[in-house]
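Peer 1: One file: structure05.cif (mmCIF, C-alpha atoms).
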data_coords
#
loop_
_atom_site.label_atom_id
_atom_site.label_comp_id
_atom_site.auth_asym_id
_atom_site.auth_seq_id
_atom_site.Cartn_x
_atom_site.Cartn_y
_atom_site.Cartn_z
CA MET A 9 -15.23 -23.17 -44.82
CA LYS A 10 -11.42 -23.21 -45.09
CA LYS A 11 -11.37 -19.41 -44.94
CA LEU A 12 -13.55 -19.49 -41.80
CA ILE A 13 -11.28 -21.99 -40.08
CA PHE A 14 -8.26 -19.93 -41.05
CA LEU A 15 -9.85 -16.75 -39.65
CA ILE A 16 -10.66 -18.49 -36.36
CA PHE A 17 -7.07 -19.73 -36.15
CA ILE A 18 -5.71 -16.21 -36.77
CA LEU A 19 -8.06 -14.79 -34.11
CA PHE A 20 -6.88 -17.41 -31.61
CA ILE A 21 -3.22 -16.63 -32.29
CA SER A 22 -3.71 -12.86 -32.12
CA CYS A 23 -5.62 -13.12 -28.83
CA SER A 24 -2.90 -15.32 -27.35
CA LYS A 25 -0.15 -12.94 -28.42
CA SER A 26 -1.94 -9.88 -27.12
CA GLY A 27 -2.58 -11.47 -23.73
CA VAL A 28 -6.36 -11.57 -24.18
CA ASN A 29 -7.80 -14.42 -22.16
CA ILE A 30 -10.12 -16.82 -23.92
CA THR A 31 -10.99 -19.07 -20.97
CA ASP A 32 -14.68 -19.27 -20.10
CA LYS A 33 -14.18 -20.30 -16.46
CA VAL A 34 -15.74 -17.92 -13.95
CA TYR A 35 -15.16 -18.18 -10.21
CA ASP A 36 -16.50 -16.68 -7.02
CA ILE A 37 -13.26 -15.89 -5.18
CA ILE A 38 -12.66 -16.26 -1.45
CA LEU A 39 -9.41 -14.70 -0.25
CA ILE A 40 -8.05 -16.04 3.05
CA ILE A 41 -5.33 -13.98 4.73
CA GLY A 42 -3.71 -13.67 8.14
CA GLN A 43 -1.52 -15.81 10.37
CA SER A 44 -1.54 -19.38 11.65
CA ASN A 45 -5.13 -19.56 12.85
CA THR A 46 -6.18 -19.49 9.21
CA HIS A 47 -5.00 -23.11 8.94
CA TYR A 48 -3.42 -24.65 12.09
CA GLY A 49 -6.35 -26.63 13.49
CA ILE A 50 -5.14 -30.08 14.45
CA GLY A 51 -7.60 -32.95 13.99
CA TYR A 52 -8.15 -33.46 10.25
CA ASP A 53 -11.08 -35.79 9.52
CA SER A 54 -11.28 -37.38 6.07
CA VAL A 55 -15.09 -37.33 6.16
CA LEU A 56 -15.83 -33.97 7.77
CA ASP A 57 -13.06 -32.28 5.80
CA ALA A 58 -13.67 -34.01 2.47
CA PRO A 59 -13.38 -31.82 -0.64
CA ASP A 60 -16.29 -30.66 -2.77
CA SER A 61 -15.97 -30.90 -6.55
CA ARG A 62 -17.25 -27.31 -6.96
CA ILE A 63 -14.66 -25.79 -4.63
CA TYR A 64 -11.16 -25.12 -5.95
CA GLN A 65 -8.06 -23.37 -4.68
CA LEU A 66 -5.18 -21.52 -6.26
CA GLY A 67 -2.15 -23.74 -5.68
CA ARG A 68 1.04 -22.35 -4.23
CA HIS A 69 3.66 -25.00 -3.61
CA SER A 70 5.87 -26.93 -6.04
CA THR A 71 4.52 -27.53 -9.54
CA ARG A 72 0.98 -26.47 -8.56
CA ASP A 73 1.88 -22.81 -8.03
CA LEU A 74 -0.76 -20.57 -9.64
CA GLN A 75 -2.67 -23.64 -10.83
CA VAL A 76 -6.38 -24.03 -10.15
CA ILE A 77 -6.69 -27.32 -8.27
CA LEU A 78 -9.25 -29.03 -6.05
CA ALA A 79 -9.50 -27.46 -2.59
CA GLU A 80 -8.26 -30.24 -0.35
CA GLU A 81 -7.08 -29.94 3.23
CA PRO A 82 -4.57 -28.78 4.08
CA LEU A 83 -5.08 -25.81 1.78
CA ASP A 84 -2.03 -24.29 0.10
CA HIS A 85 -1.25 -21.56 2.61
CA HIS A 86 2.36 -20.41 2.97
CA THR A 87 2.95 -22.45 6.13
CA ILE A 88 1.09 -25.59 5.13
CA GLN A 89 0.74 -28.27 7.85
CA SER A 90 -0.39 -31.87 7.26
CA GLN A 91 -3.34 -33.11 9.35
CA LYS A 92 -4.28 -29.51 10.18
CA ILE A 93 -7.17 -27.51 8.77
CA GLY A 94 -8.52 -23.97 8.72
CA PHE A 95 -11.96 -22.39 8.49
CA GLY A 96 -11.77 -21.70 4.75
CA LEU A 97 -13.14 -24.95 3.37
CA ALA A 98 -15.94 -25.03 5.95
CA PHE A 99 -16.89 -21.49 4.90
CA ALA A 100 -16.80 -22.41 1.21
CA LYS A 101 -19.05 -25.42 1.79
CA GLU A 102 -21.64 -23.17 3.43
CA TYR A 103 -21.32 -20.74 0.53
CA ILE A 104 -21.75 -23.39 -2.15
CA GLN A 105 -24.88 -24.76 -0.48
CA ASP A 106 -26.51 -21.37 -0.96
CA ASN A 107 -24.99 -20.88 -4.42
CA PRO A 108 -25.13 -24.34 -6.04
CA SER A 109 -24.71 -23.07 -9.59
CA LYS A 110 -21.41 -21.36 -8.77
CA GLU A 111 -17.82 -22.56 -8.72
CA VAL A 112 -15.71 -21.29 -5.85
CA LEU A 113 -12.00 -20.52 -5.90
CA ILE A 114 -10.20 -20.13 -2.58
CA ILE A 115 -6.95 -18.16 -2.59
CA PRO A 116 -5.11 -19.29 0.58
CA CYS A 117 -2.48 -16.81 1.82
CA GLY A 118 -2.08 -17.49 5.55
CA TYR A 119 1.40 -17.37 7.09
CA GLY A 120 2.10 -18.37 10.68
CA GLY A 121 3.50 -15.83 13.14
CA THR A 122 3.01 -12.71 11.03
CA GLY A 123 1.47 -9.30 11.51
CA PHE A 124 1.76 -5.58 10.96
CA ILE A 125 4.43 -5.03 13.58
CA ASP A 126 6.94 -7.25 11.76
CA ASN A 127 6.21 -5.64 8.39
CA ARG A 128 4.53 -8.57 6.68
CA TRP A 129 0.94 -7.37 6.11
CA ASN A 130 1.16 -3.61 5.60
CA LYS A 131 0.65 -2.29 2.07
CA GLY A 132 3.84 -3.02 0.14
CA ASP A 133 4.99 -5.84 2.46
CA ASP A 134 5.72 -9.27 1.01
CA LEU A 135 2.59 -11.10 2.22
CA TYR A 136 0.35 -8.19 1.29
CA ASN A 137 1.82 -8.09 -2.21
CA ASP A 138 1.52 -11.86 -2.61
CA ALA A 139 -2.20 -11.79 -1.79
CA ILE A 140 -2.87 -8.88 -4.15
CA ASP A 141 -0.87 -10.47 -6.96
CA ARG A 142 -2.76 -13.75 -6.66
CA VAL A 143 -6.19 -12.17 -6.65
CA ASN A 144 -5.38 -10.01 -9.65
CA PHE A 145 -3.83 -12.98 -11.47
CA VAL A 146 -7.14 -14.84 -11.18
CA LEU A 147 -9.22 -11.81 -12.15
CA GLU A 148 -7.11 -11.33 -15.28
CA LYS A 149 -6.94 -14.98 -16.27
CA TYR A 150 -10.61 -15.73 -15.63
CA PRO A 151 -12.61 -12.68 -16.79
CA GLY A 152 -15.96 -12.37 -15.10
CA SER A 153 -14.69 -13.85 -11.85
CA GLN A 154 -15.38 -11.76 -8.76
CA ILE A 155 -13.88 -11.52 -5.30
CA LYS A 156 -16.84 -12.17 -3.03
CA VAL A 157 -15.28 -11.99 0.41
CA ILE A 158 -12.02 -11.54 2.30
CA LEU A 159 -11.54 -13.72 5.39
CA TRP A 160 -8.92 -12.38 7.80
CA HIS A 161 -7.66 -13.99 10.99
CA GLN A 162 -4.76 -12.25 12.69
CA GLY A 163 -3.80 -10.39 15.84
CA GLU A 164 -1.71 -12.75 17.92
CA GLN A 165 1.64 -11.54 16.59
CA ASP A 166 0.82 -7.89 17.20
CA ALA A 167 -0.61 -8.64 20.65
CA ILE A 168 2.49 -10.58 21.70
CA HIS A 169 4.76 -7.73 20.59
CA GLU A 170 2.39 -5.04 21.94
CA ASN A 171 1.84 -3.09 18.75
CA ASN A 172 0.36 0.16 20.06
CA ASN A 173 -0.60 1.17 16.52
CA TYR A 174 -2.60 -2.00 15.80
CA GLN A 175 -6.00 -0.38 15.23
CA ASN A 176 -4.64 2.17 12.78
CA SER A 177 -2.65 -0.53 10.98
CA LEU A 178 -5.68 -2.82 10.74
CA ASP A 179 -8.07 -0.13 9.50
CA ARG A 180 -5.61 1.17 6.93
CA PHE A 181 -4.93 -2.40 5.79
CA ILE A 182 -8.61 -3.08 5.15
CA ASN A 183 -8.99 0.06 3.07
CA ASP A 184 -5.76 -0.59 1.16
CA ILE A 185 -6.45 -4.19 0.25
CA ARG A 186 -9.98 -3.43 -0.91
CA LEU A 187 -8.68 -0.78 -3.27
CA ASP A 188 -5.91 -3.02 -4.57
CA VAL A 189 -8.31 -5.84 -5.50
CA TYR A 190 -10.55 -3.25 -7.21
CA SER A 191 -13.48 -3.72 -4.84
CA ASP A 192 -13.75 -0.97 -2.27
CA SER A 193 -16.76 -2.50 -0.55
CA VAL A 194 -16.06 -6.25 -0.71
CA PRO A 195 -17.17 -7.90 2.56
CA PHE A 196 -14.20 -8.13 4.92
CA LEU A 197 -14.65 -10.55 7.81
CA LEU A 198 -12.45 -10.84 10.87
CA GLY A 199 -12.31 -13.73 13.34
CA GLY A 200 -11.70 -13.53 17.06
CA MET A 201 -8.57 -15.01 18.60
CA VAL A 202 -8.84 -18.12 20.84
CA PRO A 203 -10.83 -16.98 23.91
CA TYR A 204 -8.82 -19.10 26.35
CA TRP A 205 -5.53 -17.60 25.12
CA VAL A 206 -6.98 -14.09 25.14
CA GLY A 207 -8.26 -14.53 28.67
CA ASP A 208 -4.76 -15.11 30.03
CA ASP A 209 -3.64 -11.52 29.42
CA LEU A 210 -5.52 -8.21 29.62
CA ASN A 211 -3.35 -6.82 26.84
CA ARG A 212 -4.59 -9.55 24.53
CA LEU A 213 -8.15 -8.63 25.42
CA SER A 214 -7.55 -5.08 24.22
CA PHE A 215 -6.47 -6.45 20.83
CA GLN A 216 -9.49 -8.75 20.70
CA ASN A 217 -11.68 -5.70 21.32
CA ILE A 218 -10.05 -3.82 18.45
CA ILE A 219 -10.80 -6.75 16.15
CA SER A 220 -14.37 -7.27 17.38
CA GLU A 221 -15.25 -3.57 17.14
CA THR A 222 -14.09 -3.22 13.53
CA PRO A 223 -17.68 -3.34 12.18
CA SER A 224 -18.44 -0.19 14.18
CA ARG A 225 -15.56 1.60 12.42
CA ILE A 226 -15.53 0.27 8.86
CA TYR A 227 -18.35 -0.33 6.39
CA ASN A 228 -19.14 -3.88 5.19
CA THR A 229 -17.07 -5.69 7.79
CA GLY A 230 -18.15 -8.47 10.12
CA TYR A 231 -16.81 -10.23 13.20
CA ALA A 232 -16.86 -14.03 13.63
CA ASP A 233 -17.25 -14.23 17.40
CA PRO A 234 -15.72 -17.33 19.05
CA THR A 235 -17.87 -16.78 22.16
CA THR A 236 -21.33 -16.69 20.54
CA PRO A 237 -23.65 -18.60 20.25
CA PHE A 238 -21.40 -20.75 22.46
CA LEU A 239 -17.79 -20.58 23.58
CA ILE A 240 -15.36 -22.41 21.31
CA VAL A 241 -13.15 -24.59 23.51
CA LYS A 242 -10.88 -27.61 23.21
CA GLU A 243 -10.70 -30.80 25.27
CA ASP A 244 -7.40 -29.49 26.62
CA ASN A 245 -7.29 -25.72 26.36
CA ASP A 246 -3.70 -25.64 27.60
CA TYR A 247 -2.46 -27.72 24.67
CA ASP A 248 -1.35 -25.40 21.86
CA GLU A 249 -3.42 -22.73 23.58
CA ILE A 250 -2.96 -20.08 20.88
CA HIS A 251 -4.58 -22.20 18.14
CA TYR A 252 -8.07 -23.48 17.49
CA ASP A 253 -8.33 -27.22 16.91
CA ALA A 254 -10.11 -28.68 13.86
CA ASN A 255 -13.52 -28.70 15.55
CA GLY A 256 -13.07 -25.06 16.43
CA GLN A 257 -12.02 -24.23 12.88
CA ARG A 258 -15.10 -25.88 11.40
CA GLU A 259 -17.32 -23.96 13.79
CA LEU A 260 -15.44 -20.75 13.04
CA GLY A 261 -16.06 -21.30 9.33
CA LYS A 262 -19.81 -21.40 9.98
CA ARG A 263 -19.62 -18.22 12.03
CA TYR A 264 -17.66 -16.46 9.33
CA TYR A 265 -20.35 -17.46 6.87
CA GLN A 266 -23.16 -16.16 9.08
CA GLN A 267 -21.32 -12.85 9.23
CA TYR A 268 -21.05 -12.89 5.46
CA LEU A 269 -24.81 -13.31 5.18
CA ASP A 270 -25.36 -10.48 7.65
CA VAL A 271 -23.04 -8.13 5.75
CA ILE A 272 -24.49 -8.78 2.30
CA SER A 273 -28.03 -8.46 3.64
CA LEU A 274 -27.22 -4.85 4.55
CA GLU A 275 -26.15 -4.18 0.96
CA LYS A 276 -29.56 -5.06 -0.46
#
Now that the file is in, can you turn its structure into structure tokens?
Peer 2:
Amino acid sequence: MKKLIFLIFILFISCSKSGVNITDKVYDIILIIGQSNTHYGIGYDSVLDAPDSRIYQLGRHSTRDLQVILAEEPLDHHTIQSQKIGFGLAFAKEYIQDNPSKEVLIIPCGYGGTGFIDNRWNKGDDLYNDAIDRVNFVLEKYPGSQIKVILWHQGEQDAIHENNNYQNSLDRFINDIRLDVYSDSVPFLLGGMVPYWVGDDLNRLSFQNIISETPSRIYNTGYADPTTPFLIVKEDNDYDEIHYDANGQRELGKRYYQQYLDVISLEK
């Protein structure tokens, strides 16, 4: 018995020294990337936005960086804002209802006011690298975990600065990030920008069309449409017109999830 205990101890030490992971935690990973509409919805509600004990997030700020913690609003995006929410937790709650035996890990990587044109999300840029590093950190630390979906909401920054290369940048980005998280067909879902804000400028509409038409260009992508089945609006559309409010974010989360179901149904 003493020899057995000693052998187990030696195995534990050797695994630790060699970097082999011995944790038995396995997560379904949801990566959330993009700019402020990933998490700037004002109107947090302690009941509607309550956490779920099966849904975690990878912490970012202070002492919780790279720690698996409960997914509580506001999620640990780069530009975290109190009393504001995104669509990520709403999406995860839909996911966990259909997958009750699973544990979900959200990796929040949204950063307000960022895009391709300012060199933040292209392959090799700082925000791109941060997202890749965090996904691969989890995959290495928790063997058996899988990235199930990438949720992307972005376009405003490039529309404002009239990035004429936006479609090429977006399409290349999707292909690059899939390869770098070792899943070349992981569902990649895009959300539409606020319809009221888009409607104020024809140039913005052209960017919205690029986003919405992505599924016609790239395999296993989906578009969360803010106009269907009903138009997402706010009580005062002129207030913070570029951002969805919390109600809009919760609805957007449901639409992202419906797109997820549509995409994975095509894989079967």
Peer 1: Pick the closest to A:Leu198 from A:Leu147, A:Ala232, A:Leu66, A:Val34: which is it, counting all atoms listed in the file?
Peer 2: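 Closest residue, counting all atoms listed in the file: A:Ala232.
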Peer 1: Convert the output of the PyMOL selection byres ((chain A and resi 63) around 9) on the shown file into explicit residues, formatted as a count of residues only.
Peer 2: 18
Peer 1: Evaluate the PyMOL selection byres ((chain A and resi 87) around 8) against this structure - the residues, as a list in words, please.
Peer 2: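 In the shown coordinates, the PyMOL selection byres ((chain A and resi 87) around 8) covers Ser44, His85, His86, Ile88, Gln89, Gly118, Tyr119 and Gly120 of chain A.
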Peer 1: Using the chain letters and numbers from the file, give me the residues hit by the PyMOL selection byres ((chain A and resi 127-139) around 9), as a list in words.
Peer 2: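 So the PyMOL selection byres ((chain A and resi 127-139) around 9), applied here, picks out Leu39, Ile40, Ile41, Gly42, Ile115, Pro116, Cys117, Gly118, Tyr119, Thr122, Gly123, Phe124, Ile125, Asp126, Ile140, Asp141, Arg142, Val143, Asn144, Ser177, Leu178, Arg180, Phe181, Asp184 and Ile185 of chain A.
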Peer 1: Given only C-alpha atoms as the basis, pick out the residue of A:Val55, A:Leu197, A:Ile168, A:Ile272 nearest to A:Pro223.
Peer 2: A:Leu197
Peer 1: Using all atoms listed in the file, determine which residues lie at most 12 Å from A:Ser273, disregarding the query and same-chain residues fewer than 3 positions distant; provide the list as a list of chain:residue names.
Peer 2: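 Counting all atoms listed in the file, the residues come to A:Pro195, A:Asn228, A:Gly230, A:Gln266, A:Gln267, A:Tyr268, A:Leu269, A:Asp270, A:Lys276.
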Peer 1: Restricted to C-alpha atoms, what would the selected residues look like written as a short mmCIF file (atom, residue, chain, number, x, y, z; two decimals), in the coordinates of the input?
Peer 2:
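The file below, result_35.cif, is the result:
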data_model
loop_
_atom_site.label_atom_id
_atom_site.label_comp_id
_atom_site.auth_asym_id
_atom_site.auth_seq_id
_atom_site.Cartn_x
_atom_site.Cartn_y
_atom_site.Cartn_z
CA PRO A 195 -17.17 -7.90 2.56
CA ASN A 228 -19.14 -3.88 5.19
CA GLY A 230 -18.15 -8.47 10.12
CA GLN A 266 -23.16 -16.16 9.08
CA GLN A 267 -21.32 -12.85 9.23
CA TYR A 268 -21.05 -12.89 5.46
CA LEU A 269 -24.81 -13.31 5.18
CA ASP A 270 -25.36 -10.48 7.65
CA LYS A 276 -29.56 -5.06 -0.46
#
Peer 1: From the options A:Tyr264, A:Tyr190, A:Phe215, A:Tyr103, which residue's atoms come nearest to A:Tyr174, counting all atoms listed in the file?
Peer 2: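 Selected residue with least distance to A:Tyr174: A:Phe215.
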Peer 1: Looking at A:Asp233, A:Glu249, A:Glu81, A:Asp192, which one is nearest to A:Ser220, with distances taken over all atoms listed in the file?
Peer 2: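 The closest residue to A:Ser220 is A:Asp233.
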Peer 1: Compare A:Asn172, A:Asn245, A:Ser109, A:Thr71 by their minimum atom-to-atom distance to A:Val206, counting all atoms listed in the file, and give me the closest one.
Peer 2: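 Looking only at the distances to A:Val206, the closest residue turns out to be A:Asn245.
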Peer 1: Nearest residue to A:Glu275 out of A:Phe238, A:Phe95, A:Trp160, A:Tyr227, using only C-alpha atoms?
Peer 2: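 Selected residue with least distance to A:Glu275: A:Tyr227.
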Peer 1: Atom CA of A:Pro234 and atom CA of A:Asn255, how far apart in Å?
Peer 2: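 Atom CA of A:Asn255 sits 12.1 Å away from atom CA of A:Pro234.
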